[in-house]
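Shown next: target17.txt, containing compact mmCIF, C-alpha atoms.
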```txt
# COMPACT_ATOMS: atom_id res chain seq x y z
CA MET A 1 38.38 -81.50 -118.44
CA THR A 2 36.51 -81.60 -115.17
CA MET A 3 33.61 -79.40 -114.24
CA SER A 4 33.72 -77.00 -111.32
CA SER A 5 32.54 -78.14 -107.89
CA GLN A 6 29.25 -76.41 -108.76
CA GLY A 7 28.88 -78.49 -111.91
CA LEU A 8 28.14 -76.76 -115.20
CA THR A 9 28.01 -72.98 -114.87
CA GLY A 10 28.26 -69.81 -116.92
CA ILE A 11 27.86 -69.25 -120.64
CA LEU A 12 27.34 -72.53 -122.50
CA ALA A 13 27.55 -71.70 -126.19
CA ALA A 14 25.14 -73.58 -128.45
CA VAL A 15 27.27 -74.07 -131.54
CA PRO A 16 26.47 -74.83 -135.19
CA THR A 17 27.37 -77.87 -137.25
CA PRO A 18 29.59 -76.54 -140.05
CA PHE A 19 28.90 -78.06 -143.45
CA SER A 20 30.77 -78.05 -146.74
CA LYS A 21 29.56 -75.55 -149.36
CA ASP A 22 27.05 -78.01 -150.80
CA GLY A 23 25.93 -79.13 -147.35
CA SER A 24 26.88 -82.75 -147.97
CA THR A 25 29.65 -83.25 -145.41
CA ILE A 26 30.80 -82.03 -141.99
CA ASP A 27 33.64 -79.48 -142.04
CA THR A 28 35.76 -80.51 -139.06
CA ARG A 29 38.34 -77.81 -139.84
CA VAL A 30 35.75 -75.16 -138.98
CA ILE A 31 34.81 -77.07 -135.80
CA GLN A 32 38.41 -76.58 -134.63
CA GLN A 33 38.15 -72.84 -135.39
CA ILE A 34 34.85 -72.56 -133.49
CA VAL A 35 36.25 -74.27 -130.40
CA ASP A 36 39.43 -72.19 -130.41
CA ARG A 37 37.35 -69.02 -130.64
CA MET A 38 35.05 -70.07 -127.78
CA VAL A 39 38.00 -70.98 -125.56
CA SER A 40 39.78 -67.72 -126.36
CA ALA A 41 36.64 -65.73 -125.46
CA GLY A 42 36.34 -67.44 -122.08
CA VAL A 43 33.10 -69.31 -122.79
CA HIS A 44 32.41 -71.84 -120.03
CA GLY A 45 31.15 -74.75 -122.14
CA ILE A 46 30.02 -75.81 -125.62
CA VAL A 47 26.76 -77.52 -126.56
CA THR A 48 26.85 -79.45 -129.83
CA THR A 49 24.14 -81.10 -131.93
CA GLY A 50 21.21 -79.17 -130.52
CA THR A 51 18.80 -76.88 -132.34
CA THR A 52 21.66 -74.58 -133.40
CA GLY A 53 23.57 -77.68 -134.53
CA GLU A 54 20.71 -78.78 -136.83
CA PHE A 55 20.63 -82.22 -135.22
CA PRO A 56 17.44 -83.40 -137.01
CA THR A 57 19.30 -83.20 -140.35
CA LEU A 58 22.22 -85.36 -139.19
CA SER A 59 22.47 -89.10 -139.73
CA GLU A 60 23.47 -91.11 -136.65
CA ALA A 61 26.97 -91.47 -138.08
CA GLU A 62 27.24 -87.72 -138.68
CA HIS A 63 25.90 -86.97 -135.21
CA LYS A 64 28.65 -89.10 -133.70
CA GLN A 65 31.24 -87.52 -136.01
CA VAL A 66 30.28 -84.00 -134.89
CA VAL A 67 30.41 -84.87 -131.19
CA GLU A 68 33.78 -86.58 -131.59
CA ALA A 69 35.15 -83.62 -133.56
CA TYR A 70 34.12 -81.09 -130.91
CA VAL A 71 35.59 -83.21 -128.11
CA LYS A 72 38.83 -83.66 -130.05
CA ALA A 73 39.05 -79.94 -130.86
CA SER A 74 38.51 -78.98 -127.22
CA ARG A 75 41.55 -80.98 -126.06
CA GLY A 76 40.15 -80.89 -122.54
CA ARG A 77 40.17 -77.11 -122.38
CA ILE A 78 36.41 -76.64 -122.08
CA PRO A 79 33.43 -78.89 -121.22
CA ILE A 80 31.60 -80.32 -124.22
CA ILE A 81 27.90 -81.17 -123.91
CA ALA A 82 26.33 -83.31 -126.62
CA GLY A 83 22.78 -82.66 -127.71
CA VAL A 84 20.80 -85.86 -128.20
CA GLY A 85 17.39 -86.27 -129.78
CA SER A 86 15.58 -89.32 -131.09
CA ASN A 87 12.06 -90.69 -131.18
CA SER A 88 13.54 -94.05 -130.20
CA THR A 89 14.62 -94.71 -126.62
CA LYS A 90 17.14 -97.25 -127.95
CA VAL A 91 18.76 -94.72 -130.30
CA ALA A 92 18.74 -91.94 -127.68
CA ILE A 93 20.59 -94.25 -125.29
CA GLU A 94 23.02 -95.33 -128.03
CA LEU A 95 23.85 -91.71 -128.93
CA SER A 96 24.23 -90.81 -125.24
CA LEU A 97 26.55 -93.76 -124.61
CA HIS A 98 28.61 -92.81 -127.64
CA ALA A 99 28.90 -89.22 -126.42
CA GLN A 100 29.91 -90.43 -122.98
CA GLU A 101 32.64 -92.63 -124.43
CA ALA A 102 33.77 -89.78 -126.69
CA GLY A 103 34.46 -87.71 -123.58
CA VAL A 104 31.59 -85.27 -123.10
CA GLN A 105 30.79 -83.82 -119.68
CA ALA A 106 27.01 -84.13 -120.09
CA VAL A 107 24.28 -84.87 -122.62
CA MET A 108 21.40 -82.51 -123.36
CA VAL A 109 18.41 -84.65 -124.26
CA VAL A 110 15.23 -83.50 -125.98
CA PRO A 111 12.39 -85.97 -125.47
CA PRO A 112 10.73 -87.73 -128.41
CA PHE A 113 9.18 -84.99 -130.51
CA TYR A 114 6.64 -86.44 -132.94
CA ASP A 115 3.80 -87.62 -130.71
CA PRO A 116 3.85 -85.73 -127.37
CA LEU A 117 4.51 -88.18 -124.53
CA PRO A 118 2.19 -88.28 -121.52
CA PHE A 119 4.02 -87.40 -118.31
CA GLY A 120 4.30 -90.99 -117.07
CA THR A 121 5.80 -92.10 -120.39
CA LEU A 122 8.20 -89.14 -120.37
CA LYS A 123 9.34 -90.12 -116.88
CA ARG A 124 9.96 -93.68 -118.04
CA PHE A 125 11.95 -92.43 -121.04
CA PHE A 126 14.31 -90.42 -118.83
CA SER A 127 14.52 -93.15 -116.18
CA ASP A 128 15.62 -95.62 -118.83
CA LEU A 129 18.10 -93.17 -120.34
CA CYS A 130 19.61 -91.90 -117.08
CA SER A 131 20.10 -95.43 -115.75
CA SER A 132 22.02 -96.37 -118.92
CA ILE A 133 24.76 -93.71 -118.73
CA ARG A 134 27.14 -92.18 -116.19
CA VAL A 135 27.30 -88.56 -117.38
CA PRO A 136 24.70 -86.03 -116.20
CA VAL A 137 21.59 -85.36 -118.25
CA ILE A 138 20.28 -81.91 -119.15
CA TYR A 139 16.57 -82.01 -120.00
CA TYR A 140 16.00 -79.89 -123.10
CA ASN A 141 12.62 -78.36 -122.33
CA LEU A 142 11.40 -77.41 -125.81
CA PRO A 143 7.59 -77.58 -125.86
CA GLY A 144 7.38 -75.69 -129.16
CA ALA A 145 8.96 -78.73 -130.87
CA THR A 146 7.91 -81.59 -128.59
CA GLY A 147 4.39 -80.53 -127.58
CA ILE A 148 5.27 -81.46 -123.98
CA HIS A 149 4.40 -78.62 -121.61
CA LEU A 150 5.60 -79.21 -118.04
CA THR A 151 4.90 -77.37 -114.82
CA ALA A 152 7.65 -76.58 -112.34
CA SER A 153 6.30 -79.31 -110.05
CA GLN A 154 6.48 -81.91 -112.84
CA ILE A 155 10.07 -80.91 -113.58
CA ARG A 156 10.90 -81.31 -109.89
CA GLU A 157 9.42 -84.81 -110.04
CA LEU A 158 11.67 -85.66 -112.99
CA ALA A 159 14.61 -84.26 -111.02
CA GLU A 160 14.17 -87.14 -108.56
CA ILE A 161 15.59 -89.44 -111.26
CA ARG A 162 19.25 -90.12 -110.54
CA GLY A 163 21.41 -88.34 -113.15
CA PHE A 164 18.62 -85.95 -114.21
CA ASP A 165 20.70 -83.01 -113.00
CA TYR A 166 19.94 -80.03 -115.21
CA LEU A 167 17.29 -78.33 -117.30
CA LYS A 168 17.72 -76.14 -120.35
CA ASP A 169 14.48 -74.18 -120.34
CA THR A 170 13.49 -73.16 -123.85
CA SER A 171 9.81 -72.93 -123.03
CA GLY A 172 9.66 -69.14 -122.84
CA ASN A 173 7.49 -69.64 -119.75
CA ALA A 174 9.08 -67.13 -117.39
CA LYS A 175 6.75 -67.96 -114.49
CA GLU A 176 7.66 -71.66 -114.35
CA LEU A 177 11.37 -70.87 -114.74
CA ALA A 178 11.14 -68.28 -111.94
CA ASP A 179 9.42 -70.90 -109.78
CA LEU A 180 12.23 -73.42 -110.37
CA LEU A 181 14.94 -70.84 -109.67
CA THR A 182 13.24 -69.29 -106.63
CA ASN A 183 12.35 -72.65 -105.07
CA PRO A 184 15.26 -74.91 -106.07
CA VAL A 185 15.60 -78.58 -105.24
CA GLU A 186 18.80 -80.29 -104.19
CA ASN A 187 21.17 -81.59 -106.89
CA PHE A 188 19.23 -80.01 -109.74
CA GLN A 189 19.89 -76.81 -111.68
CA ALA A 190 17.59 -74.97 -114.07
CA PHE A 191 19.42 -73.20 -116.88
CA ASN A 192 18.02 -70.63 -119.27
CA GLY A 193 17.62 -71.54 -122.92
CA TRP A 194 15.32 -68.77 -124.18
CA ASP A 195 17.58 -66.00 -125.47
CA THR A 196 15.51 -62.95 -124.56
CA LEU A 197 15.03 -64.27 -120.99
CA THR A 198 18.77 -64.51 -120.29
CA PHE A 199 18.92 -61.36 -118.16
CA PHE A 200 15.74 -62.40 -116.34
CA ALA A 201 17.06 -65.90 -115.62
CA PHE A 202 20.44 -64.79 -114.29
CA CYS A 203 18.73 -62.26 -112.04
CA HIS A 204 16.62 -65.10 -110.65
CA GLY A 205 19.74 -67.12 -109.85
CA ALA A 206 20.30 -69.35 -112.89
CA LYS A 207 23.82 -70.79 -112.78
CA ALA A 208 24.13 -71.03 -116.56
CA SER A 209 22.57 -70.21 -119.89
CA VAL A 210 22.70 -72.39 -123.00
CA TRP A 211 22.96 -69.60 -125.51
CA GLY A 212 23.30 -69.65 -129.29
CA VAL A 213 24.07 -65.93 -129.18
CA ALA A 214 27.39 -66.84 -127.55
CA SER A 215 28.47 -68.69 -130.69
CA LEU A 216 28.09 -65.39 -132.57
CA VAL A 217 29.37 -62.88 -130.01
CA PRO A 218 31.17 -64.89 -127.32
CA GLU A 219 33.23 -62.04 -125.84
CA GLU A 220 30.16 -59.88 -125.26
CA SER A 221 28.24 -62.82 -123.79
CA VAL A 222 31.01 -63.71 -121.33
CA GLU A 223 31.54 -60.08 -120.34
CA PHE A 224 27.81 -59.70 -119.66
CA TYR A 225 27.85 -62.81 -117.45
CA LYS A 226 30.82 -61.51 -115.50
CA THR A 227 29.20 -58.12 -114.98
CA LEU A 228 25.77 -59.38 -113.97
CA VAL A 229 26.47 -62.64 -112.15
CA LEU A 230 29.99 -62.33 -110.77
CA GLU A 231 30.35 -58.58 -110.22
CA LYS A 232 26.62 -58.01 -109.60
CA ASP A 233 26.80 -54.63 -111.35
CA LEU A 234 23.19 -54.29 -112.43
CA GLU A 235 23.46 -50.91 -114.13
CA LYS A 236 26.48 -51.84 -116.23
CA ALA A 237 24.87 -55.18 -117.12
CA ARG A 238 21.72 -53.41 -118.33
CA GLU A 239 23.83 -51.39 -120.75
CA GLN A 240 25.64 -54.50 -122.01
CA TRP A 241 22.34 -56.32 -122.36
CA LYS A 242 20.94 -53.78 -124.84
CA PHE A 243 23.13 -55.12 -127.66
CA LEU A 244 22.70 -58.75 -126.61
CA TRP A 245 18.93 -58.23 -126.46
CA LYS A 246 18.93 -57.04 -130.08
CA VAL A 247 20.85 -60.13 -131.21
CA SER A 248 18.61 -62.41 -129.12
CA ASP A 249 15.40 -60.79 -130.28
CA PHE A 250 16.51 -61.02 -133.92
CA LEU A 251 17.39 -64.72 -133.67
CA GLU A 252 14.03 -65.48 -132.08
CA SER A 253 12.31 -63.79 -135.04
CA VAL A 254 13.90 -65.99 -137.75
CA ASN A 255 14.86 -69.62 -138.27
CA TYR A 256 17.47 -70.04 -135.53
CA PRO A 257 20.21 -72.10 -137.26
CA ALA A 258 19.88 -69.96 -140.39
CA GLY A 259 20.22 -66.82 -138.25
CA ILE A 260 23.35 -68.11 -136.53
CA LYS A 261 24.98 -69.12 -139.81
CA ALA A 262 24.10 -65.79 -141.43
CA GLY A 263 25.64 -63.98 -138.47
CA LEU A 264 28.82 -66.04 -138.62
CA LYS A 265 29.16 -65.29 -142.32
CA ILE A 266 28.71 -61.55 -141.67
CA LEU A 267 31.48 -61.77 -139.06
CA GLY A 268 33.83 -63.53 -141.50
CA ARG A 269 33.49 -66.90 -139.76
CA ASP A 270 31.53 -68.86 -142.35
CA ALA A 271 30.22 -72.22 -141.11
CA GLY A 272 28.63 -73.18 -144.41
CA PRO A 273 24.95 -73.40 -145.33
CA THR A 274 22.01 -74.78 -143.41
CA ARG A 275 20.71 -78.11 -144.61
CA LEU A 276 17.44 -78.42 -146.46
CA PRO A 277 14.60 -78.03 -145.75
CA THR A 278 15.97 -75.01 -143.84
CA LEU A 279 16.63 -72.15 -146.25
CA PRO A 280 19.09 -69.27 -145.76
CA LEU A 281 17.76 -65.98 -144.46
CA GLU A 282 16.20 -63.58 -146.94
CA GLU A 283 18.29 -60.57 -147.93
CA LYS A 284 16.20 -58.13 -145.90
CA GLU A 285 16.80 -60.25 -142.76
CA ILE A 286 20.53 -60.42 -143.45
CA GLU A 287 20.63 -56.63 -143.78
CA ARG A 288 18.82 -56.28 -140.46
CA LEU A 289 21.34 -58.58 -138.78
CA GLU A 290 24.25 -56.71 -140.38
CA LYS A 291 23.03 -53.47 -138.79
CA ILE A 292 22.75 -55.11 -135.36
CA LEU A 293 26.20 -56.71 -135.51
CA ALA A 294 27.69 -53.44 -136.71
CA GLU A 295 26.94 -52.09 -133.20
CA ARG A 296 29.62 -54.35 -131.68
CA LYS A 297 32.07 -52.20 -129.77
```
Rendering of file as structure tokens:
Amino acid sequence: MTMSSQGLTGILAAVPTPFSKDGSTIDTRVIQQIVDRMVSAGVHGIVTTGTTGEFPTLSEAEHKQVVEAYVKASRGRIPIIAGVGSNSTKVAIELSLHAQEAGVQAVMVVPPFYDPLPFGTLKRFFSDLCSSIRVPVIYYNLPGATGIHLTASQIRELAEIRGFDYLKDTSGNAKELADLLTNPVENFQAFNGWDTLTFFAFCHGAKASVWGVASLVPEESVEFYKTLVLEKDLEKAREQWKFLWKVSDFLESVNYPAGIKAGLKILGRDAGPTRLPTLPLEEKEIERLEKILAERK
């Protein structure tokens, strides 16, 4: 699988890590089903082992197993991007190298997330990581979990690092994202990663969105992208967005992995439980999601 001449573009589905019923093992059979469904729907890429993939609950061995399983299941039909997160530079590099050798097209890296890094230290972390691998790096901008809040100008400074090619912006800071998209720099792309800002980001020129919603309703997500970005039919896209907004807004109101797994179960595509300490959604939340998903056309 090679990326387009524009690099990564379109709907990049953030996918779950399916577990056995007791949560003890990875269910690779379901990984195959997830990939086949994403490919059939026309999704443009898959992001594993991120927030949706419950990466903090995975051992290093399990993390590698999940990445390998998604690459194997894709059979070169669709780009696979591996989420990477560790508070150790050494482990982050090891996981990135493993993903590269497994055959991913990029790694999405969240910076160390226990003690917020000062900007100079953050820059050193990504310099060390990017110089250790050949595949492109997507910076997972997740200040709610990392405590690292960056301005658009700081992100542009990081983009000077060779291999630091993309940003998944899950800051919810529309102004800084608009700044990056309105005033782009060469060889660097800012992607959306905040569900309810997807319409906003595409209208500002984002080339892609890393979107957990797409792992629930991939057909609707791809159709929306085609309408808004490729066909530039704003009115039709606004109508399509109404349903996708409801799904996005719901997922932002609950624990995200638990919301995705509840939705998959409602749709008859069970990916198993979330791992403790994450609990399943409460019944009232499941009922609310059932009503939203019942609006699928």
Atomic separation - atom CA of A:Ser215 relative to atom CA of A:Lys246, Å
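So the two atoms, atom CA of A:Lys246 and atom CA of A:Ser215, lie 15.1 Å apart.
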Which residues are close to A:Ala82, i.e. within 8 Å by only C-alpha atoms, leaving aside same-chain residues fewer than 6 positions away? Reply as number ranges by chain.
A: 47-50, 67, 96, 99, 104, 106-108
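Atom CA of A:Cys130 is positioned 11.2 Å from atom CA of A:Glu160.
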What is the atom CA of A:Arg77-atom CA of A:Thr17 distance in Å, reported with one decimal?
19.6 Å
Best match for closeness to A:Phe125 among A:Lys291, A:Lys90, A:His149, A:Arg75, counting all atoms listed in the file:
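Of all the options, A:Lys90 lies closest to A:Phe125.
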Find the residues near A:Asp195: any atom within 12 Å, counting only C-alpha atoms, skip ones fewer than 4 places away on the same chain, and give them as a ChimeraX atom specification.
/A:11,13-14,168-172,174,191,199-202,209-214,221,241,244-253,256
Find the residue from A:Ser74, A:Ser24, A:Pro136, A:Val30 that sits nearest to A:Ser59; use only C-alpha atoms when measuring.
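Among A:Ser74, A:Ser24, A:Pro136, A:Val30, it is A:Ser24 that comes nearest to A:Ser59.
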Nearest to A:Thr89, chosen from A:Gln105, A:Arg37, A:Lys72, A:Leu129, with all atoms listed in the file counted in the distances
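Nearest candidate to A:Thr89 out of A:Gln105, A:Arg37, A:Lys72, A:Leu129: A:Leu129.
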Enumerate, as an mmCIF file with C-alpha atoms, keeping the file's coordinate frame, the protein, DNA and RNA residues whose atoms approach (2.9, -70.9, -121.4) to within 12 Å, taking into account only C-alpha atoms and the coordinate frame of the file.
```cif
data_model
loop_
_atom_site.group_PDB
_atom_site.id
_atom_site.type_symbol
_atom_site.label_atom_id
_atom_site.label_comp_id
_atom_site.auth_asym_id
_atom_site.auth_seq_id
_atom_site.Cartn_x
_atom_site.Cartn_y
_atom_site.Cartn_z
ATOM 1 C CA LEU A 142 11.400 -77.410 -125.810
ATOM 2 C CA PRO A 143 7.590 -77.580 -125.860
ATOM 3 C CA GLY A 144 7.380 -75.690 -129.160
ATOM 4 C CA GLY A 147 4.390 -80.530 -127.580
ATOM 5 C CA ILE A 148 5.270 -81.460 -123.980
ATOM 6 C CA HIS A 149 4.400 -78.620 -121.610
ATOM 7 C CA LEU A 150 5.600 -79.210 -118.040
ATOM 8 C CA THR A 151 4.900 -77.370 -114.820
ATOM 9 C CA ALA A 152 7.650 -76.580 -112.340
ATOM 10 C CA THR A 170 13.490 -73.160 -123.850
ATOM 11 C CA SER A 171 9.810 -72.930 -123.030
ATOM 12 C CA GLY A 172 9.660 -69.140 -122.840
ATOM 13 C CA ASN A 173 7.490 -69.640 -119.750
ATOM 14 C CA ALA A 174 9.080 -67.130 -117.390
ATOM 15 C CA LYS A 175 6.750 -67.960 -114.490
ATOM 16 C CA GLU A 176 7.660 -71.660 -114.350
ATOM 17 C CA LEU A 177 11.370 -70.870 -114.740
#
```
A:Leu279: which residues within 12 Å, counting only C-alpha atoms, same-chain residues fewer than 2 positions away excluded, as a count of residues only?
17
Residues within 12 Å of (22.5, -55.9, -115.0), counting only C-alpha atoms, listed as a PyMOL selection string:
chain A and resi 198-204+223-242+244
Find the residues around A:His98 up to 12 Å (only C-alpha atoms counted), leave out those fewer than 3 positions away in its own chain, and share them as an NGL selection string.
:A and (60-61 or 63-68 or 71 or 82-84 or 91-95 or 101-104 or 106-107 or 132-135)
